[in-house]
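Undergrad: Contents of data.txt (compact mmCIF, C-alpha atoms) are below:
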```
# COMPACT_ATOMS: atom_id res chain seq x y z
CA MET A 1080 23.88 24.39 13.87
CA GLN A 1081 25.52 21.39 12.22
CA SER A 1082 23.68 20.10 9.15
CA ARG A 1083 22.33 16.56 9.21
CA THR A 1084 24.14 13.81 7.34
CA SER A 1085 21.58 11.03 7.74
CA GLY A 1086 17.84 10.50 8.02
CA ARG A 1087 15.57 7.64 9.02
CA ALA A 1088 11.86 7.16 8.35
CA PHE A 1089 9.02 4.65 8.46
CA ALA A 1090 6.15 3.98 6.07
CA PRO A 1091 3.42 1.45 6.92
CA ALA A 1092 2.40 -1.36 4.63
CA HIS A 1093 -0.87 -0.62 2.84
CA ILE A 1094 -3.28 -3.40 1.93
CA SER A 1095 -5.77 -2.38 -0.77
CA GLY A 1096 -9.19 -3.97 -0.43
CA ILE A 1097 -11.02 -2.07 -3.19
CA PHE A 1098 -9.59 0.04 -6.01
CA ILE A 1099 -10.65 1.90 -9.13
CA ILE A 1100 -7.94 2.69 -11.69
CA ASP A 1101 -7.78 6.35 -12.75
CA MET A 1102 -4.94 6.99 -15.20
CA LYS A 1103 -4.33 10.43 -16.76
CA LYS A 1104 -1.48 11.92 -18.81
CA ASP A 1105 -0.05 13.55 -15.69
CA PRO A 1106 1.15 10.85 -13.23
CA LEU A 1107 0.64 13.32 -10.37
CA LEU A 1108 -3.10 13.31 -11.08
CA SER A 1109 -3.21 9.56 -11.76
CA GLY A 1110 -3.63 6.69 -9.34
CA SER A 1111 -6.63 5.00 -7.86
CA MET A 1112 -9.73 5.59 -5.80
CA GLY A 1113 -10.76 2.94 -3.30
CA ALA A 1114 -10.17 1.74 0.24
CA GLY A 1115 -7.36 0.04 2.13
CA VAL A 1116 -5.79 -0.45 5.53
CA CYS A 1117 -2.34 0.44 6.87
CA ILE A 1118 -0.52 -1.90 9.25
CA GLU A 1119 2.43 -1.43 11.61
CA ASP A 1120 4.67 -3.70 9.52
CA GLY A 1121 6.22 -1.89 6.58
CA ALA A 1122 9.46 -0.19 5.59
CA VAL A 1123 12.12 1.48 7.71
CA THR A 1124 14.62 3.39 5.58
CA SER A 1125 17.91 5.06 6.47
CA VAL A 1126 19.57 7.51 4.08
CA ARG A 1127 23.04 9.03 4.22
CA ARG A 1128 25.36 10.85 1.84
CA ALA A 1129 27.51 8.60 -0.36
CA GLN A 1130 29.83 8.56 -3.39
CA GLU A 1131 27.10 7.14 -5.62
CA THR A 1132 23.40 6.40 -5.22
CA THR A 1133 22.74 2.83 -4.14
CA VAL A 1134 19.63 1.15 -2.73
CA LYS A 1135 19.86 -1.83 -0.41
CA ILE A 1136 16.80 -3.81 0.66
CA ASN A 1137 17.21 -6.06 3.67
CA GLY A 1138 20.98 -5.80 3.26
CA ALA A 1139 21.21 -6.69 -0.44
CA ILE A 1140 21.81 -4.23 -3.29
CA SER A 1141 18.52 -3.89 -5.20
CA GLU A 1142 17.27 -2.45 -8.47
CA ALA A 1143 14.42 -0.80 -6.45
CA ALA A 1144 13.21 1.17 -9.47
CA THR A 1145 10.40 2.96 -7.61
CA THR A 1146 12.64 4.14 -4.76
CA LEU A 1147 15.34 5.28 -7.21
CA SER A 1148 12.75 7.18 -9.26
CA ALA A 1149 11.49 8.96 -6.15
CA ILE A 1150 15.02 9.90 -5.06
CA LYS A 1151 15.84 11.29 -8.53
CA LEU A 1152 12.76 13.52 -8.38
CA LEU A 1153 14.03 15.02 -5.11
CA THR A 1154 17.81 15.40 -5.48
CA THR A 1155 20.80 14.88 -7.77
CA LYS A 1156 23.14 14.30 -4.80
CA PRO A 1157 24.35 10.71 -4.34
CA VAL A 1158 23.00 8.83 -1.33
CA LEU A 1159 23.04 5.37 0.21
CA VAL A 1160 19.48 4.15 0.83
CA GLU A 1161 19.07 1.20 3.19
CA THR A 1162 15.53 -0.18 3.56
CA GLU A 1163 14.42 -2.90 5.95
CA LEU A 1164 11.14 -4.48 4.80
CA SER A 1165 9.05 -6.53 7.24
CA ILE A 1166 6.57 -7.38 4.46
CA PRO A 1167 6.84 -9.54 1.33
CA VAL A 1168 7.23 -7.95 -2.12
CA SER A 1169 4.52 -8.26 -4.83
CA ALA A 1170 2.11 -9.77 -2.30
CA GLY A 1171 -0.37 -6.92 -1.89
CA PHE A 1172 1.32 -4.84 0.83
CA GLY A 1173 2.49 -1.83 -1.19
CA ALA A 1174 6.16 -2.67 -0.52
CA SER A 1175 7.41 -0.51 -3.40
CA ALA A 1176 5.39 2.47 -2.21
CA ALA A 1177 6.49 2.00 1.42
CA GLY A 1178 10.14 1.86 0.34
CA ALA A 1179 9.81 4.95 -1.85
CA LEU A 1180 7.85 7.04 0.68
CA SER A 1181 10.11 6.20 3.63
CA ALA A 1182 13.15 6.93 1.43
CA ALA A 1183 11.70 10.29 0.37
CA LEU A 1184 11.14 11.33 3.98
CA ALA A 1185 14.62 10.14 4.99
CA VAL A 1186 16.47 11.84 2.11
CA ASN A 1187 14.69 15.12 2.81
CA ASP A 1188 15.92 14.89 6.41
CA ALA A 1189 19.45 13.72 5.54
CA LEU A 1190 20.09 16.41 2.93
CA SER A 1191 18.03 19.18 4.59
CA LEU A 1192 16.00 19.65 1.41
CA GLY A 1193 13.30 21.59 3.25
CA MET A 1194 10.36 19.99 1.45
CA THR A 1195 6.87 19.51 2.86
CA PHE A 1196 5.30 16.13 3.54
CA ASN A 1197 3.03 16.43 0.48
CA ASP A 1198 6.02 17.33 -1.75
CA LEU A 1199 7.73 14.11 -0.65
CA ALA A 1200 4.57 12.01 -0.93
CA ASN A 1201 3.98 13.35 -4.45
CA ALA A 1202 7.48 12.23 -5.51
CA ALA A 1203 6.87 8.72 -4.12
CA HIS A 1204 3.40 8.59 -5.70
CA VAL A 1205 4.65 9.66 -9.15
CA ALA A 1206 7.45 7.07 -8.93
CA ASP A 1207 4.96 4.33 -7.94
CA VAL A 1208 2.58 5.20 -10.80
CA LYS A 1209 5.32 5.56 -13.46
CA ASN A 1210 6.88 2.21 -12.53
CA ARG A 1211 3.44 0.52 -12.45
CA THR A 1212 4.18 -0.86 -8.97
CA GLY A 1213 1.11 0.70 -7.38
CA LEU A 1214 -1.54 3.37 -7.71
CA GLY A 1215 -3.09 4.36 -4.38
CA ASP A 1216 -0.70 2.92 -1.79
CA VAL A 1217 1.29 6.10 -1.16
CA ALA A 1218 -1.92 8.08 -0.63
CA GLY A 1219 -3.13 5.54 1.94
CA MET A 1220 0.24 5.57 3.70
CA THR A 1221 0.10 9.35 4.18
CA CYS A 1222 -2.77 9.08 6.67
CA GLY A 1223 -2.78 5.55 8.10
CA GLY A 1224 -5.81 3.68 9.44
CA ILE A 1225 -8.50 2.46 7.04
CA ASP A 1226 -8.46 4.97 4.19
CA ILE A 1227 -11.20 5.83 1.72
CA ARG A 1228 -9.73 7.51 -1.34
CA LYS A 1229 -12.46 9.48 -3.11
CA HIS A 1230 -10.09 10.89 -5.74
CA SER A 1231 -6.77 9.71 -7.14
CA GLY A 1232 -3.49 11.32 -6.13
CA ILE A 1233 -2.05 12.87 -2.96
CA PRO A 1234 -3.95 15.57 -1.00
CA PRO A 1235 -4.90 18.25 -1.89
CA VAL A 1236 -5.18 16.65 -5.36
CA GLY A 1237 -6.79 13.52 -3.94
CA ARG A 1238 -9.16 13.76 -1.00
CA ILE A 1239 -8.81 11.03 1.61
CA ASP A 1240 -11.33 10.08 4.28
CA ARG A 1241 -10.95 7.41 6.95
CA ILE A 1242 -13.10 4.80 8.66
CA PRO A 1243 -12.83 5.21 12.44
CA CYS A 1244 -11.33 2.06 13.96
CA ARG A 1245 -9.24 0.78 16.83
CA ASN A 1246 -5.75 -0.64 16.38
CA GLU A 1247 -7.08 -4.13 15.77
CA ASN A 1248 -4.78 -7.00 14.82
CA ILE A 1249 -4.76 -7.87 11.14
CA SER A 1250 -3.73 -11.49 10.47
CA TRP A 1251 -2.35 -12.54 7.12
CA VAL A 1252 -0.98 -15.47 5.17
CA SER A 1253 0.79 -14.99 1.83
CA PHE A 1254 0.89 -17.74 -0.79
CA GLY A 1255 2.96 -15.90 -3.39
CA GLU A 1256 3.20 -13.03 -5.84
CA ILE A 1257 0.95 -11.39 -8.40
CA SER A 1258 2.56 -8.92 -10.82
CA THR A 1259 0.85 -5.55 -10.34
CA ARG A 1260 2.37 -4.37 -13.63
CA SER A 1261 0.82 -7.23 -15.63
CA VAL A 1262 -2.68 -6.59 -14.22
CA LEU A 1263 -2.45 -2.81 -14.74
CA SER A 1264 -1.41 -3.36 -18.38
CA ASP A 1265 -4.45 -5.52 -19.25
CA GLU A 1266 -7.21 -3.28 -20.66
CA MET A 1267 -9.99 -5.87 -20.26
CA LYS A 1268 -8.95 -6.54 -16.68
CA LYS A 1269 -8.90 -2.79 -15.94
CA LYS A 1270 -12.51 -2.46 -17.14
CA SER A 1271 -13.72 -5.28 -14.89
CA ILE A 1272 -11.72 -3.86 -11.95
CA ASN A 1273 -13.31 -0.43 -12.35
CA LYS A 1274 -16.84 -1.75 -12.72
CA ALA A 1275 -16.52 -3.86 -9.57
CA GLY A 1276 -14.59 -1.17 -7.69
CA LYS A 1277 -17.20 1.55 -8.26
CA LEU A 1278 -20.00 -0.72 -7.03
CA ARG A 1279 -18.13 -1.86 -3.91
CA LEU A 1280 -16.90 1.62 -2.97
CA LYS A 1281 -20.48 2.90 -3.27
CA GLU A 1282 -21.70 0.09 -0.97
CA LEU A 1283 -18.90 0.81 1.51
CA MET A 1284 -19.83 4.50 1.66
CA LYS A 1285 -23.39 3.54 2.67
CA LYS A 1286 -21.98 1.93 5.81
CA PRO A 1287 -18.35 2.96 6.41
CA THR A 1288 -17.34 0.45 9.09
CA MET A 1289 -14.39 -1.92 9.38
CA ASP A 1290 -16.65 -4.97 9.06
CA ASN A 1291 -18.21 -3.61 5.89
CA PHE A 1292 -14.73 -2.76 4.54
CA PHE A 1293 -13.88 -6.47 4.77
CA ARG A 1294 -17.22 -7.58 3.30
CA GLN A 1295 -17.05 -5.21 0.33
CA SER A 1296 -13.35 -6.00 -0.24
CA CYS A 1297 -14.15 -9.71 -0.34
CA ALA A 1298 -17.05 -9.15 -2.76
CA PHE A 1299 -14.71 -7.04 -4.94
CA ALA A 1300 -12.03 -9.76 -4.97
CA LYS A 1301 -14.57 -12.43 -5.94
CA GLN A 1302 -15.86 -10.28 -8.81
CA LEU A 1303 -12.34 -9.90 -10.22
CA GLU A 1304 -11.89 -13.66 -10.47
CA ILE A 1305 -8.17 -13.58 -9.62
CA MET A 1306 -8.52 -15.61 -6.40
CA SER A 1307 -6.38 -18.71 -6.18
CA PRO A 1308 -8.03 -21.83 -4.67
CA LYS A 1309 -5.91 -21.36 -1.52
CA VAL A 1310 -7.09 -17.77 -1.06
CA ARG A 1311 -10.72 -18.77 -1.55
CA ASP A 1312 -10.43 -21.68 0.91
CA ALA A 1313 -8.68 -19.52 3.52
CA ILE A 1314 -11.36 -16.80 3.32
CA GLU A 1315 -14.13 -19.37 3.70
CA SER A 1316 -12.34 -20.93 6.68
CA VAL A 1317 -12.02 -17.56 8.45
CA GLU A 1318 -15.69 -16.76 7.82
CA ALA A 1319 -16.72 -20.19 9.17
CA ALA A 1320 -14.75 -19.39 12.35
CA GLY A 1321 -16.64 -16.10 12.82
CA GLY A 1322 -14.06 -13.74 11.34
CA LEU A 1323 -13.82 -11.60 8.21
CA ALA A 1324 -11.24 -11.91 5.44
CA SER A 1325 -10.40 -10.82 1.91
CA GLN A 1326 -7.63 -10.90 -0.67
CA ALA A 1327 -4.89 -8.26 -0.57
CA MET A 1328 -4.82 -6.31 -3.83
CA LEU A 1329 -2.79 -7.23 -5.79
CA GLY A 1330 -1.30 -10.32 -4.19
CA ASP A 1331 -1.89 -14.00 -3.54
CA THR A 1332 -2.47 -13.09 0.10
CA VAL A 1333 -5.35 -13.35 2.59
CA PHE A 1334 -5.78 -10.74 5.32
CA ALA A 1335 -8.32 -11.06 8.13
CA ILE A 1336 -9.66 -9.88 11.48
CA ASN A 1337 -10.80 -12.25 14.22
CA ASP A 1338 -9.61 -15.31 12.30
CA ASN A 1339 -9.74 -17.32 15.57
CA GLY A 1340 -6.87 -19.51 14.46
CA ALA A 1341 -8.52 -20.49 11.15
CA LEU A 1342 -5.63 -19.19 9.04
CA SER A 1343 -3.02 -21.36 10.78
CA GLU A 1344 -3.89 -24.41 8.65
CA PHE A 1345 -2.90 -22.49 5.50
CA GLY A 1346 0.64 -21.48 6.41
CA GLU A 1347 2.64 -19.11 8.58
CA VAL A 1348 0.28 -16.53 10.08
CA ILE A 1349 1.69 -13.07 10.71
CA LYS A 1350 -0.15 -10.50 12.81
CA SER A 1351 0.27 -6.75 12.71
CA ARG A 1352 -1.85 -4.01 14.26
CA ILE A 1353 -3.57 -1.32 12.21
CA SER A 1354 -1.23 1.68 11.96
CA HIS A 1355 -2.92 5.02 12.62
CA ALA A 1356 0.26 7.09 12.33
CA GLY A 1357 0.97 7.02 8.61
CA ALA A 1358 4.51 7.61 7.30
CA HIS A 1359 6.82 9.60 9.59
CA LEU A 1360 10.41 10.32 10.55
CA LEU A 1361 12.13 8.19 13.19
```
Give the structure from the file, written as structure tokens.

TA:
Amino acid sequence: MQSRTSGRAFAPAHISGIFIIDMKKDPLLSGSMGAGVCIEDGAVTSVRRAQETTVKINGAISEAATTLSAIKLLTTKPVLVETELSIPVSAGFGASAAGALSAALAVNDALSLGMTFNDLANAAHVADVKNRTGLGDVAGMTCGGIDIRKHSGIPPVGRIDRIPCRNENISWVSFGEISTRSVLSDEMKKKSINKAGKLRLKELMKKPTMDNFFRQSCAFAKQLEIMSPKVRDAIESVEAAGGLASQAMLGDTVFAINDNGALSEFGEVIKSRISHAGAHLL
């Protein structure tokens, strides 16, 4: 049987609604607890053998530190990594994690590395944590749907539960970027995040429904006091129209269900269904 020379994989975007930072000496055991939702937009990555390792994102050569870190954990062989992102970067969609996880799956296939899904997810997770581009996104992307992460890390290290839901449309409008690295480096901000996150996760567990996920996520975002005026106005507009909305963590982005057209006055509205599949080969 002829060995493969290329691989292609998908990882969904992951929007965090609630998170609790849990950093340890070992990045494999670090990450975040919390809750988030995966959507069908995300990253599609193709990998093939090459003369030197290069990462291209949407056709342009990129630094892509998280993807490169993940690749280096898996192989020393040079590869060309080509990622197509249908989500903005640094806007609360876990773009770095989606790129790294889809690349890990694709390189395993292209080079016939023979690794398990969790081996590959662990490499992407460690890369995401080390580069301070995310904490719990890779874990959420492994299962899809609305995830509840009761421990940090990838299963079996981190246990993940899910809120049963249909493949509803998630609407979103992004106003710009928030640096995940800058927030995760601020000790005072981390304390306020964890205090609010523990309370909201506890309240979500009392009633684990999609509606309550949005309500507790919104309460969490308000407690953090990092909402821009546009985000606050957009959330209020959606709620007035009978829908539910919150801020994507960490981004200057509003995501909603049943917005009934309320988001359209704030900018370009993009809709994507909830992804139940999680990351997988194509």

Undergrad: Please give the centre and size of the box around stretch 1114-1122 of chain A (axis-aligned, containing every atom listed in the file, 3 Å added per side), with values in Å to one decimal and written as lines of an AutoDock Vina configuration file.

TA:
```
center_x = -0.4
center_y = -1.0
center_z = 5.9
size_x = 25.6
size_y = 11.4
size_z = 17.4
```

Undergrad: Using all atoms listed in the file and a cutoff of 12 Å, can you tell me which residues are near (6.6, -7.1, 0.9) in the file's coordinates, and write them out as a PDB file with C-alpha atoms, in the coordinates of the input?

TA:
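out-v9.pdb, freshly written:
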```
ATOM      1  CA  PRO A1091       3.420   1.450   6.920  1.00  0.00           C
ATOM      2  CA  ALA A1092       2.400  -1.360   4.630  1.00  0.00           C
ATOM      3  CA  HIS A1093      -0.870  -0.620   2.840  1.00  0.00           C
ATOM      4  CA  ILE A1094      -3.280  -3.400   1.930  1.00  0.00           C
ATOM      5  CA  ASP A1120       4.670  -3.700   9.520  1.00  0.00           C
ATOM      6  CA  GLY A1121       6.220  -1.890   6.580  1.00  0.00           C
ATOM      7  CA  ALA A1122       9.460  -0.190   5.590  1.00  0.00           C
ATOM      8  CA  ILE A1136      16.800  -3.810   0.660  1.00  0.00           C
ATOM      9  CA  ASN A1137      17.210  -6.060   3.670  1.00  0.00           C
ATOM     10  CA  THR A1162      15.530  -0.180   3.560  1.00  0.00           C
ATOM     11  CA  GLU A1163      14.420  -2.900   5.950  1.00  0.00           C
ATOM     12  CA  LEU A1164      11.140  -4.480   4.800  1.00  0.00           C
ATOM     13  CA  SER A1165       9.050  -6.530   7.240  1.00  0.00           C
ATOM     14  CA  ILE A1166       6.570  -7.380   4.460  1.00  0.00           C
ATOM     15  CA  PRO A1167       6.840  -9.540   1.330  1.00  0.00           C
ATOM     16  CA  VAL A1168       7.230  -7.950  -2.120  1.00  0.00           C
ATOM     17  CA  SER A1169       4.520  -8.260  -4.830  1.00  0.00           C
ATOM     18  CA  ALA A1170       2.110  -9.770  -2.300  1.00  0.00           C
ATOM     19  CA  GLY A1171      -0.370  -6.920  -1.890  1.00  0.00           C
ATOM     20  CA  PHE A1172       1.320  -4.840   0.830  1.00  0.00           C
ATOM     21  CA  GLY A1173       2.490  -1.830  -1.190  1.00  0.00           C
ATOM     22  CA  ALA A1174       6.160  -2.670  -0.520  1.00  0.00           C
ATOM     23  CA  SER A1175       7.410  -0.510  -3.400  1.00  0.00           C
ATOM     24  CA  ALA A1176       5.390   2.470  -2.210  1.00  0.00           C
ATOM     25  CA  ALA A1177       6.490   2.000   1.420  1.00  0.00           C
ATOM     26  CA  GLY A1178      10.140   1.860   0.340  1.00  0.00           C
ATOM     27  CA  THR A1212       4.180  -0.860  -8.970  1.00  0.00           C
ATOM     28  CA  SER A1253       0.790 -14.990   1.830  1.00  0.00           C
ATOM     29  CA  GLY A1255       2.960 -15.900  -3.390  1.00  0.00           C
ATOM     30  CA  GLU A1256       3.200 -13.030  -5.840  1.00  0.00           C
ATOM     31  CA  ILE A1257       0.950 -11.390  -8.400  1.00  0.00           C
ATOM     32  CA  ALA A1327      -4.890  -8.260  -0.570  1.00  0.00           C
ATOM     33  CA  LEU A1329      -2.790  -7.230  -5.790  1.00  0.00           C
ATOM     34  CA  GLY A1330      -1.300 -10.320  -4.190  1.00  0.00           C
ATOM     35  CA  ASP A1331      -1.890 -14.000  -3.540  1.00  0.00           C
ATOM     36  CA  THR A1332      -2.470 -13.090   0.100  1.00  0.00           C
TER      37      THR A1332
END
```

Undergrad: (-9.9, 0.7, -8.1) in this file's frame - what residues fall within 7 Å of it? Use only C-alpha atoms and give the answer as a PyMOL selection string.

TA: chain A and resi 1097-1100+1111-1113+1272-1273+1276

Undergrad: With distances taken over all atoms listed in the file, which of A:Leu1107, A:Met1220, A:Lys1309, A:Thr1146 is nearest to A:Asp1198?

TA: A:Leu1107

Undergrad: If I take atom CA of A:Val1217 and atom CA of A:Ala1358, how far is one from the other in Å, to one decimal?

TA: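 Calculated distance between atom CA of A:Val1217 and atom CA of A:Ala1358 is 9.2 Å.
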
Undergrad: Give me, as a VMD selection string, all polymer residues having an atom no more than 9 Å from A:Arg1260, counting all atoms listed in the file and skipping those fewer than 3 positions away in the same chain.

TA: chain A and resid 1210 to 1213 1257 1263 to 1265

Undergrad: In Å, rounded to a single decimal, give me how far atom CA of A:Ser1125 is from atom CA of A:Asn1201.

TA: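 Atom CA of A:Asn1201 sits 19.5 Å away from atom CA of A:Ser1125.
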
Undergrad: Take atom CA of A:Glu1347 and atom CA of A:Cys1117 and report the distance between them in Å, one decimal.

TA: 20.2 Å

Undergrad: Using only C-alpha atoms, which protein or nucleic acid residues come within 12 Å of A:Arg1279? Drop anything in the same chain fewer than 5 positions from it, and give the result as a list in words.

TA: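 Listing them by chain and then by number gives Gly1096, Ile1097, Phe1098, Ile1099, Met1112, Gly1113, Ala1114, Ile1227, Ile1272, Asn1273, Lys1274, Met1284, Lys1285, Lys1286, Pro1287, Asn1291, Phe1292, Phe1293, Arg1294, Gln1295, Ser1296, Cys1297, Ala1298, Phe1299, Ala1300, Lys1301, Gln1302 and Leu1303 of chain A.
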
Undergrad: Could you check which of A:Ser1181, A:Ser1351, A:Thr1221, A:Ser1095 is closest to A:Asn1197, using only C-alpha atoms?

TA: A:Thr1221

Undergrad: My list of candidates is A:Val1186, A:Val1160, A:Val1317, A:Met1194. Which is closest to A:Ser1141 when distances are computed with only C-alpha atoms?

TA: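 Of all the options, A:Val1160 lies closest to A:Ser1141.
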
Undergrad: Neighbouring residues of A:Glu1142 were defined as those with any atom within 9 Å, considering all atoms listed in the file; residues of the same chain fewer than 6 positions away were excluded. Please report them as an MDAnalysis selection string.

TA: chainID A and resid 1133:1135

Undergrad: Could you tell me which of A:His1359, A:Lys1156, A:Lys1209, A:Lys1269 comes closest to A:Thr1195 if we count only C-alpha atoms?

TA: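 Nearest candidate to A:Thr1195 out of A:His1359, A:Lys1156, A:Lys1209, A:Lys1269: A:His1359.
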
Undergrad: Taking all atoms listed in the file into account, name the residue in A:Phe1196, A:Phe1089, A:Phe1345, A:Phe1334 that is nearest to A:Gly1322.

TA: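 That would be A:Phe1334, the residue with the smallest distance to A:Gly1322.
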
Undergrad: Find, counting only C-alpha atoms, the residue in A:Met1267, A:Val1333, A:Met1289, A:Met1102 that gets nearest to A:Ile1242.

TA: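 Nearest candidate to A:Ile1242 out of A:Met1267, A:Val1333, A:Met1289, A:Met1102: A:Met1289.
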
Undergrad: Please provide the set of residues having any atom within 12 Å of A:Lys1104, restricted to only C-alpha atoms, with same-chain residues fewer than 5 positions apart removed, written as a list in words.

TA: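 Here the qualifying residues turn out to be Ser1109, Gly1110, Val1205, Val1208 and Lys1209 of chain A.
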
Undergrad: Determine, counting only C-alpha atoms, which protein, DNA and RNA residues have an atom within 12 Å of an atom of A:Asp1312; residues of the same chain fewer than 4 positions away are not included. Present the result as a ChimeraX atom specification.

TA: /A:1306-1308,1316-1319,1324-1326,1332-1333,1341-1342,1344-1345
